[in-house]
$ cat upload.cif   # mmCIF, C-alpha atoms
data_my_file
#
loop_
_atom_site.label_atom_id
_atom_site.label_comp_id
_atom_site.auth_asym_id
_atom_site.auth_seq_id
_atom_site.Cartn_x
_atom_site.Cartn_y
_atom_site.Cartn_z
CA MET A 29 48.95 -12.77 -37.11
CA ARG A 30 49.74 -12.56 -40.82
CA ILE A 31 52.35 -15.05 -41.93
CA LEU A 32 54.34 -15.12 -45.15
CA ILE A 33 56.33 -18.18 -46.20
CA THR A 34 58.67 -18.09 -49.17
CA ILE A 35 58.13 -21.26 -51.18
CA GLN A 36 59.58 -23.26 -54.03
CA ASN A 37 57.45 -26.18 -55.16
CA LYS A 38 56.06 -27.47 -51.86
CA SER A 39 59.01 -26.53 -49.66
CA VAL A 40 60.33 -23.41 -47.98
CA ALA A 41 62.36 -21.70 -50.75
CA PRO A 42 66.11 -22.25 -50.27
CA ARG A 43 66.90 -18.55 -50.87
CA PHE A 44 64.92 -15.42 -50.06
CA ASP A 45 66.49 -13.49 -52.95
CA LEU A 46 65.53 -16.14 -55.51
CA THR A 47 61.95 -16.58 -54.34
CA THR A 48 59.17 -16.15 -56.90
CA GLU A 49 56.30 -17.61 -54.94
CA VAL A 50 54.95 -17.00 -51.45
CA VAL A 51 52.10 -18.22 -49.32
CA ILE A 52 50.28 -15.80 -47.03
CA ALA A 53 48.22 -17.18 -44.18
CA LEU A 54 46.15 -15.53 -41.49
CA CYS A 55 46.39 -17.16 -38.12
CA GLU A 56 44.59 -16.62 -34.82
CA GLY A 57 46.16 -18.53 -31.95
CA GLN A 58 46.79 -21.99 -33.31
CA THR A 59 44.11 -21.76 -35.99
CA ILE A 60 44.68 -20.84 -39.60
CA ILE A 61 41.81 -18.65 -40.77
CA GLY A 62 40.56 -19.35 -44.29
CA LYS A 63 42.64 -20.70 -47.10
CA PRO A 64 46.24 -19.48 -47.41
CA ARG A 65 46.79 -17.29 -50.47
CA THR A 66 49.45 -18.09 -53.05
CA ILE A 67 51.14 -15.10 -54.67
CA LEU A 68 53.36 -15.34 -57.73
CA MET A 69 56.08 -12.71 -58.06
CA THR A 70 57.02 -11.42 -61.50
CA ARG A 71 60.71 -12.12 -60.93
CA PRO A 72 63.02 -13.01 -58.05
CA SER A 73 63.81 -9.78 -56.19
CA SER A 74 64.51 -9.28 -52.49
CA GLU A 75 63.42 -5.65 -52.77
CA GLU A 76 60.08 -6.50 -54.36
CA LEU A 77 59.56 -9.27 -51.85
CA CYS A 78 60.24 -6.89 -48.95
CA ALA A 79 57.79 -4.39 -50.51
CA LEU A 80 55.15 -7.13 -50.72
CA ILE A 81 55.78 -8.09 -47.09
CA ILE A 82 55.26 -4.47 -46.01
CA LYS A 83 52.20 -3.99 -48.23
CA GLU A 84 50.55 -7.13 -46.90
CA ASN A 85 51.17 -6.10 -43.26
CA ILE A 86 52.95 -9.34 -42.51
CA ASN A 87 53.90 -10.03 -38.87
CA THR A 88 55.98 -13.16 -39.33
CA VAL A 89 58.17 -14.19 -42.26
CA VAL A 90 59.33 -17.79 -42.63
CA CYS A 91 62.19 -18.41 -45.01
CA ASN A 92 65.38 -20.37 -45.43
CA GLY A 93 68.52 -18.50 -46.51
CA ILE A 94 68.29 -14.70 -46.30
CA GLU A 95 70.92 -11.99 -46.71
CA GLU A 96 71.90 -10.16 -43.54
CA SER A 97 70.80 -6.78 -44.96
CA HIS A 98 67.26 -7.99 -45.70
CA LEU A 99 67.02 -9.76 -42.38
CA GLN A 100 68.02 -6.54 -40.63
CA TYR A 101 65.60 -4.49 -42.72
CA LEU A 102 62.63 -6.72 -41.90
CA THR A 103 63.59 -6.89 -38.24
CA TRP A 104 63.91 -3.09 -38.20
CA LYS A 105 60.38 -2.98 -39.64
CA ARG A 106 59.35 -4.92 -36.52
CA MET A 107 58.74 -8.19 -38.28
CA LYS A 108 59.59 -11.53 -36.81
CA VAL A 109 61.77 -13.43 -39.24
CA ILE A 110 62.18 -17.17 -38.76
CA HIS A 111 64.95 -18.12 -41.14
CA SER A 112 67.04 -21.15 -42.08
CA VAL A 113 63.91 -23.29 -42.05
CA VAL A 114 64.20 -26.40 -44.22
CA GLY A 115 61.30 -28.60 -45.28
CA PRO A 116 57.73 -28.63 -46.58
CA TYR A 117 56.01 -25.26 -46.18
CA ARG A 118 52.76 -26.80 -44.88
CA GLU A 119 54.73 -28.43 -42.10
CA ALA A 120 56.44 -25.11 -41.39
CA LEU A 121 53.05 -23.42 -41.11
CA LYS A 122 51.79 -26.13 -38.78
CA ALA A 123 54.93 -25.88 -36.64
CA LEU A 124 54.60 -22.10 -36.51
CA THR A 125 50.99 -22.12 -35.38
CA GLY A 126 51.90 -24.85 -32.92
CA GLY A 127 54.50 -22.50 -31.46
CA PHE A 128 57.57 -24.63 -32.03
CA LEU A 129 59.09 -23.26 -35.23
CA ARG A 130 62.49 -21.67 -34.66
CA SER A 131 65.23 -20.35 -36.94
CA GLY A 132 67.31 -23.29 -38.07
CA THR A 133 64.51 -25.84 -37.80
CA ILE A 134 64.88 -28.80 -40.14
CA LEU A 135 61.38 -30.18 -40.46
CA GLU A 136 60.58 -33.87 -40.46
CA GLY A 137 59.50 -33.78 -44.13
CA ALA A 138 62.97 -32.60 -45.15
CA LYS A 139 64.65 -35.36 -43.13
CA GLN A 140 62.39 -37.94 -44.77
CA GLY A 141 63.24 -36.48 -48.18
CA VAL A 142 66.94 -37.01 -47.44
CA LYS A 143 66.34 -40.58 -46.22
CA ASN A 144 64.22 -41.40 -49.26
CA GLY A 145 66.41 -39.52 -51.70
CA MET B 23 57.74 -18.78 -79.40
CA MET B 24 54.84 -20.75 -78.06
CA HIS B 25 54.62 -24.12 -76.45
CA ALA B 26 51.91 -26.36 -75.06
CA MET B 27 51.91 -27.24 -71.36
CA ARG B 28 49.44 -30.12 -71.64
CA GLY B 29 47.44 -32.12 -74.14
CA THR B 30 44.15 -31.03 -75.63
CA ILE B 31 41.33 -31.74 -73.24
CA VAL B 32 38.29 -29.73 -74.15
CA ASP B 33 36.51 -29.58 -70.81
CA LYS B 34 39.21 -27.51 -69.14
CA ILE B 35 39.39 -23.74 -69.44
CA ARG B 36 41.99 -22.95 -72.09
CA VAL B 37 44.18 -20.05 -71.08
CA LEU B 38 46.81 -18.37 -73.22
CA ILE B 39 49.43 -16.52 -71.16
CA VAL B 40 51.16 -13.77 -73.13
CA ASP B 41 54.09 -12.40 -71.15
CA ASP B 42 57.70 -11.63 -72.05
CA GLU B 43 58.80 -12.56 -68.52
CA ILE B 44 59.28 -16.22 -69.36
CA GLU B 45 59.92 -17.54 -65.84
CA PHE B 46 56.79 -15.83 -64.59
CA GLY B 47 54.73 -17.18 -67.50
CA GLU B 48 56.01 -20.69 -66.92
CA ALA B 49 55.40 -20.54 -63.16
CA LEU B 50 51.89 -19.23 -63.75
CA ALA B 51 51.20 -21.93 -66.37
CA GLU B 52 52.44 -24.63 -64.03
CA ARG B 53 50.22 -23.39 -61.20
CA LEU B 54 47.17 -23.12 -63.46
CA ALA B 55 47.76 -26.62 -64.88
CA LEU B 56 47.86 -27.98 -61.32
CA ARG B 57 44.47 -26.39 -60.78
CA ASN B 58 42.87 -28.02 -63.80
CA PHE B 59 43.26 -25.26 -66.35
CA LEU B 60 44.80 -25.82 -69.76
CA PRO B 61 47.49 -23.16 -70.17
CA GLU B 62 49.64 -22.27 -73.16
CA ILE B 63 52.41 -19.67 -73.17
CA ALA B 64 53.52 -17.06 -75.69
CA ASP B 65 56.53 -14.97 -74.73
CA SER B 66 55.66 -11.91 -76.82
CA GLY B 67 52.67 -10.00 -78.15
CA SER B 68 53.41 -11.01 -81.72
CA GLY B 69 53.92 -14.62 -80.59
CA GLY B 70 50.49 -14.57 -78.98
CA LEU B 71 48.84 -13.25 -82.13
CA GLU B 72 50.72 -15.82 -84.26
CA ALA B 73 49.43 -18.57 -81.99
CA LEU B 74 45.87 -17.39 -82.52
CA GLU B 75 46.37 -17.11 -86.26
CA GLY B 76 47.85 -20.62 -86.19
CA GLY B 77 44.56 -21.98 -84.88
CA LEU B 78 44.94 -21.84 -81.12
CA HIS B 79 41.61 -20.85 -79.62
CA PRO B 80 41.86 -20.11 -75.92
CA ASP B 81 38.82 -19.24 -73.84
CA VAL B 82 40.73 -16.58 -71.96
CA ILE B 83 43.97 -14.68 -72.60
CA LEU B 84 46.16 -13.37 -69.77
CA LEU B 85 47.99 -10.50 -71.39
CA ASP B 86 50.90 -8.55 -69.99
CA LEU B 87 50.56 -4.83 -70.48
CA LYS B 88 54.25 -4.02 -70.93
CA MET B 89 56.12 -6.06 -73.52
CA PRO B 90 59.04 -5.02 -75.72
CA ASP B 91 57.77 -5.99 -79.18
CA MET B 92 54.09 -4.98 -78.98
CA SER B 93 52.31 -3.34 -76.09
CA GLY B 94 49.52 -5.24 -74.39
CA PHE B 95 47.14 -2.50 -75.56
CA ASP B 96 47.99 -3.17 -79.22
CA VAL B 97 47.62 -6.93 -78.79
CA LEU B 98 44.32 -6.42 -76.97
CA VAL B 99 42.88 -4.26 -79.74
CA GLU B 100 43.94 -6.81 -82.36
CA VAL B 101 42.50 -9.74 -80.40
CA LYS B 102 39.16 -8.03 -79.81
CA ARG B 103 38.95 -7.04 -83.49
CA LYS B 104 39.67 -10.52 -84.84
CA TYR B 105 38.44 -12.78 -82.04
CA PRO B 106 35.76 -10.87 -80.11
CA SER B 107 34.55 -13.92 -78.19
CA ILE B 108 37.92 -14.44 -76.49
CA GLU B 109 38.02 -12.65 -73.16
CA VAL B 110 41.23 -10.90 -72.15
CA ILE B 111 42.51 -10.27 -68.62
CA MET B 112 45.36 -7.78 -68.47
CA LEU B 113 48.37 -8.31 -66.21
CA THR B 114 49.68 -4.96 -65.03
CA GLY B 115 52.62 -3.96 -62.90
CA HIS B 116 52.10 -3.05 -59.27
CA GLY B 117 50.48 0.38 -58.98
CA ALA B 118 49.56 0.48 -62.69
CA ALA B 119 45.81 0.49 -62.15
CA THR B 120 45.39 3.25 -64.76
CA GLY B 121 46.70 0.92 -67.46
CA GLY B 122 44.24 -1.72 -66.33
CA ILE B 123 41.30 0.66 -66.46
CA ASP B 124 42.37 1.92 -69.90
CA SER B 125 42.51 -1.71 -71.04
CA MET B 126 38.96 -2.33 -69.88
CA GLU B 127 37.85 0.67 -71.90
CA ARG B 128 39.47 -1.02 -74.90
CA GLY B 129 37.60 -4.27 -74.36
CA ALA B 130 39.55 -6.20 -71.71
CA PHE B 131 37.35 -8.24 -69.38
CA ASP B 132 39.31 -7.24 -66.31
CA PHE B 133 42.84 -6.63 -65.07
CA ILE B 134 44.98 -7.96 -62.27
CA MET B 135 48.08 -6.44 -60.76
CA LYS B 136 51.38 -8.25 -60.33
CA PRO B 137 52.45 -9.89 -58.06
CA VAL B 138 49.52 -12.15 -58.85
CA ASP B 139 47.22 -13.60 -56.20
CA LEU B 140 46.41 -17.00 -57.70
CA ALA B 141 42.99 -17.37 -56.09
CA GLU B 142 41.93 -13.93 -57.33
CA LEU B 143 43.27 -14.67 -60.80
CA MET B 144 41.48 -18.01 -61.03
CA GLU B 145 38.22 -16.38 -60.00
CA LYS B 146 38.62 -13.78 -62.73
CA ILE B 147 39.49 -16.45 -65.32
CA LYS B 148 36.33 -18.39 -64.43
CA LEU B 149 34.18 -15.27 -64.73
CA ALA B 150 35.81 -14.39 -68.05
CA TYR B 151 35.23 -17.94 -69.28
CA LYS B 152 31.53 -17.73 -68.38
CA LYS B 153 31.29 -14.55 -70.39
CA SER B 154 33.20 -16.03 -73.33
CA ILE B 155 30.90 -19.06 -73.61
CA SER B 156 27.82 -16.90 -73.27
CA THR B 157 28.91 -14.69 -76.17
CA SER B 158 30.43 -17.30 -78.50
#

$ encode --input "upload.cif" --output "structure tokens"
Amino acid sequence: MRILITIQNKSVAPRFDLTTEVVIALCEGQTIIGKPRTILMTRPSSEELCALIIKENINTVVCNGIEESHLQYLTWKRMKVIHSVVGPYREALKALTGGFLRSGTILEGAKQGVKNG
Amino acid sequence: MMHAMRGTIVDKIRVLIVDDEIEFGEALAERLALRNFLPEIADSGSGGLEALEGGLHPDVILLDLKMPDMSGFDVLVEVKRKYPSIEVIMLTGHGAATGGIDSMERGAFDFIMKPVDLAELMEKIKLAYKKSISTS
């Protein structure tokens, strides 16, 4: 399974359309194979991001806020999109490979950030 | 315009990023700094050349191919003429491999297509650095 997570700093990026950085990981079962790749986009663009997702043969996209049209497009392209995920991207990746990441998940790291903030 | 991202520590690979897409240049500089490189940014071809003329001496230049004031080709030719020991890696748009190959014919060390895979880019910077220290 090829996973793409939209990121900003060390968290899942708040908005798909404003994302300029993504992490791509290859996963077999619950194991992440190799080191996840970090890709820097030239500019924020949903269209360019969708093109990258297609080009990289991604199976699962993890993001936070995403426009309905892009969500529908990716779903139509047979991708699984787990959206409205809030928190550190590493935790999101771990939760995904562990099989318990769902749309709307607020990860523990985000809750701690709120408590500490 | 040109600005330093970090202090002057000589044991890190000094990288000059020349790209008119400022947000991209800054994001790239930030990521490289986190990985122990010493990046500087110029937001135009002429700005990059001015920085070199002003005494900045990077080991490697990351040079965007398409810029409004001067093309990456023109900057590349000028850099290789005046500072032959500095290695240049061209940043080209997606699907613009031809431009990258043309650049290599004009003296670029290598090229990388945007969006940029950081691991691939860092590998190329390290190889370019090895070449630059072996020729300087």

$ residues_near_point --input "upload.cif" --point "(54.1, -13.7, -53.0)" --cutoff "9 Å" --atoms "all atoms listed in the file" --output "MDAnalysis selection string"
(chainID A and resid 32:35 47:52 65:69 77 80:81) or (chainID B and resid 137:139)

$ closest_atom_pairs --input "upload.cif" --of "chain B" --to "chain A" --cutoff "8 Å" --atoms "only C-alpha atoms" --output "Markdown table"
| residue | atom | partner | partner_atom | distance |
| --- | --- | --- | --- | --- |
| B:Glu43 | CA | A:Thr70 | CA | 7.3 |
| B:Glu45 | CA | A:Arg71 | CA | 7.4 |
| B:Phe46 | CA | A:Thr70 | CA | 5.4 |
| B:Ala49 | CA | A:Leu68 | CA | 7.8 |
| B:Leu50 | CA | A:Leu68 | CA | 7.3 |
| B:Lys136 | CA | A:Thr70 | CA | 6.6 |
| B:Pro137 | CA | A:Met69 | CA | 4.6 |
| B:Val138 | CA | A:Leu68 | CA | 5.1 |
| B:Asp139 | CA | A:Ile67 | CA | 4.5 |
| B:Leu140 | CA | A:Thr66 | CA | 5.7 |
| B:Ala141 | CA | A:Arg65 | CA | 6.8 |

$ write_last_selection --input "upload.cif" --atoms "C-alpha atoms" --output "PDB file, keeping the file's coordinate frame"
ATOM      1  CA  GLU B  43      58.800 -12.560 -68.520  1.00  0.00           C
ATOM      2  CA  GLU B  45      59.920 -17.540 -65.840  1.00  0.00           C
ATOM      3  CA  PHE B  46      56.790 -15.830 -64.590  1.00  0.00           C
ATOM      4  CA  ALA B  49      55.400 -20.540 -63.160  1.00  0.00           C
ATOM      5  CA  LEU B  50      51.890 -19.230 -63.750  1.00  0.00           C
ATOM      6  CA  LYS B 136      51.380  -8.250 -60.330  1.00  0.00           C
ATOM      7  CA  PRO B 137      52.450  -9.890 -58.060  1.00  0.00           C
ATOM      8  CA  VAL B 138      49.520 -12.150 -58.850  1.00  0.00           C
ATOM      9  CA  ASP B 139      47.220 -13.600 -56.200  1.00  0.00           C
ATOM     10  CA  LEU B 140      46.410 -17.000 -57.700  1.00  0.00           C
ATOM     11  CA  ALA B 141      42.990 -17.370 -56.090  1.00  0.00           C
TER      12      ALA B 141
END

$ resolve_selection --input "upload.cif" --expression "the PyMOL selection byres ((chain B and resi 83) around 8)" --output "list in words"
Val37, Leu38, Ile39, Val40, Pro80, Asp81, Val82, Leu84, Leu85, Ile108, Glu109, Val110 and Ile111 of chain B

$ residues_around --input "upload.cif" --residues "Ile35 in chain B" --least-positions-apart "2" --cutoff "10 Å" --atoms "only C-alpha atoms" --output "MDAnalysis selection string"
chainID B and resid 31:33 37:38 54:55 58:61 80:82 147:148 151:152

$ resolve_selection --input "upload.cif" --expression "the PyMOL selection byres ((chain A and resi 137) around 9)" --output "list in words"
Val114, Gly115, Pro116, Glu119, Ile134, Leu135, Glu136, Ala138, Lys139, Gln140, Gly141 and Val142 of chain A

$ atom_distance --input "upload.cif" --atom1 "CA of Ile134 in chain B" --atom2 "CA of Leu98 in chain B"
14.8 Å

$ build_atoms --input "upload.cif" --residues "range 56-71 of chain A" --atoms "N, CA, C and O atoms" --output "PDB file, keeping the file's coordinate frame"
ATOM      1  N   GLU A  56      45.022 -17.123 -36.137  1.00  0.00           N
ATOM      2  CA  GLU A  56      44.590 -16.620 -34.820  1.00  0.00           C
ATOM      3  C   GLU A  56      44.863 -17.717 -33.807  1.00  0.00           C
ATOM      4  O   GLU A  56      44.258 -18.798 -33.894  1.00  0.00           O
ATOM      5  N   GLY A  57      45.759 -17.472 -32.890  1.00  0.00           N
ATOM      6  CA  GLY A  57      46.160 -18.530 -31.950  1.00  0.00           C
ATOM      7  C   GLY A  57      46.792 -19.661 -32.730  1.00  0.00           C
ATOM      8  O   GLY A  57      47.715 -19.440 -33.505  1.00  0.00           O
ATOM      9  N   GLN A  58      46.233 -20.841 -32.582  1.00  0.00           N
ATOM     10  CA  GLN A  58      46.790 -21.990 -33.310  1.00  0.00           C
ATOM     11  C   GLN A  58      45.964 -22.334 -34.544  1.00  0.00           C
ATOM     12  O   GLN A  58      46.179 -23.362 -35.170  1.00  0.00           O
ATOM     13  N   THR A  59      45.013 -21.452 -34.872  1.00  0.00           N
ATOM     14  CA  THR A  59      44.110 -21.760 -35.990  1.00  0.00           C
ATOM     15  C   THR A  59      44.430 -20.904 -37.206  1.00  0.00           C
ATOM     16  O   THR A  59      44.597 -19.693 -37.103  1.00  0.00           O
ATOM     17  N   ILE A  60      44.496 -21.565 -38.352  1.00  0.00           N
ATOM     18  CA  ILE A  60      44.680 -20.840 -39.600  1.00  0.00           C
ATOM     19  C   ILE A  60      43.289 -20.445 -40.096  1.00  0.00           C
ATOM     20  O   ILE A  60      42.405 -21.291 -40.226  1.00  0.00           O
ATOM     21  N   ILE A  61      43.115 -19.152 -40.344  1.00  0.00           N
ATOM     22  CA  ILE A  61      41.810 -18.650 -40.770  1.00  0.00           C
ATOM     23  C   ILE A  61      41.750 -18.657 -42.288  1.00  0.00           C
ATOM     24  O   ILE A  61      42.586 -18.052 -42.957  1.00  0.00           O
ATOM     25  N   GLY A  62      40.755 -19.301 -42.832  1.00  0.00           N
ATOM     26  CA  GLY A  62      40.560 -19.350 -44.290  1.00  0.00           C
ATOM     27  C   GLY A  62      41.650 -20.136 -44.983  1.00  0.00           C
ATOM     28  O   GLY A  62      42.428 -20.852 -44.351  1.00  0.00           O
ATOM     29  N   LYS A  63      41.672 -19.960 -46.294  1.00  0.00           N
ATOM     30  CA  LYS A  63      42.640 -20.700 -47.100  1.00  0.00           C
ATOM     31  C   LYS A  63      43.859 -19.807 -47.349  1.00  0.00           C
ATOM     32  O   LYS A  63      43.691 -18.654 -47.755  1.00  0.00           O
ATOM     33  N   PRO A  64      45.065 -20.311 -47.105  1.00  0.00           N
ATOM     34  CA  PRO A  64      46.240 -19.480 -47.410  1.00  0.00           C
ATOM     35  C   PRO A  64      46.265 -19.050 -48.876  1.00  0.00           C
ATOM     36  O   PRO A  64      45.846 -19.809 -49.745  1.00  0.00           O
ATOM     37  N   ARG A  65      46.724 -17.827 -49.100  1.00  0.00           N
ATOM     38  CA  ARG A  65      46.790 -17.290 -50.470  1.00  0.00           C
ATOM     39  C   ARG A  65      48.161 -17.564 -51.071  1.00  0.00           C
ATOM     40  O   ARG A  65      49.174 -17.437 -50.386  1.00  0.00           O
ATOM     41  N   THR A  66      48.178 -17.912 -52.342  1.00  0.00           N
ATOM     42  CA  THR A  66      49.450 -18.090 -53.050  1.00  0.00           C
ATOM     43  C   THR A  66      49.663 -16.886 -53.953  1.00  0.00           C
ATOM     44  O   THR A  66      48.782 -16.513 -54.721  1.00  0.00           O
ATOM     45  N   ILE A  67      50.827 -16.276 -53.845  1.00  0.00           N
ATOM     46  CA  ILE A  67      51.140 -15.100 -54.670  1.00  0.00           C
ATOM     47  C   ILE A  67      52.361 -15.421 -55.527  1.00  0.00           C
ATOM     48  O   ILE A  67      53.373 -15.903 -55.008  1.00  0.00           O
ATOM     49  N   LEU A  68      52.224 -15.139 -56.818  1.00  0.00           N
ATOM     50  CA  LEU A  68      53.360 -15.340 -57.730  1.00  0.00           C
ATOM     51  C   LEU A  68      54.024 -14.007 -58.011  1.00  0.00           C
ATOM     52  O   LEU A  68      53.367 -13.055 -58.441  1.00  0.00           O
ATOM     53  N   MET A  69      55.316 -13.930 -57.775  1.00  0.00           N
ATOM     54  CA  MET A  69      56.080 -12.710 -58.060  1.00  0.00           C
ATOM     55  C   MET A  69      56.445 -12.704 -59.550  1.00  0.00           C
ATOM     56  O   MET A  69      56.573 -13.763 -60.160  1.00  0.00           O
ATOM     57  N   THR A  70      56.647 -11.526 -60.083  1.00  0.00           N
ATOM     58  CA  THR A  70      57.020 -11.420 -61.500  1.00  0.00           C
ATOM     59  C   THR A  70      58.418 -11.983 -61.721  1.00  0.00           C
ATOM     60  O   THR A  70      58.691 -12.618 -62.723  1.00  0.00           O
ATOM     61  N   ARG A  71      59.310 -11.702 -60.805  1.00  0.00           N
ATOM     62  CA  ARG A  71      60.710 -12.120 -60.930  1.00  0.00           C
ATOM     63  C   ARG A  71      61.296 -12.243 -59.521  1.00  0.00           C
ATOM     64  O   ARG A  71      60.744 -11.656 -58.584  1.00  0.00           O
TER      65      ARG A  71
END
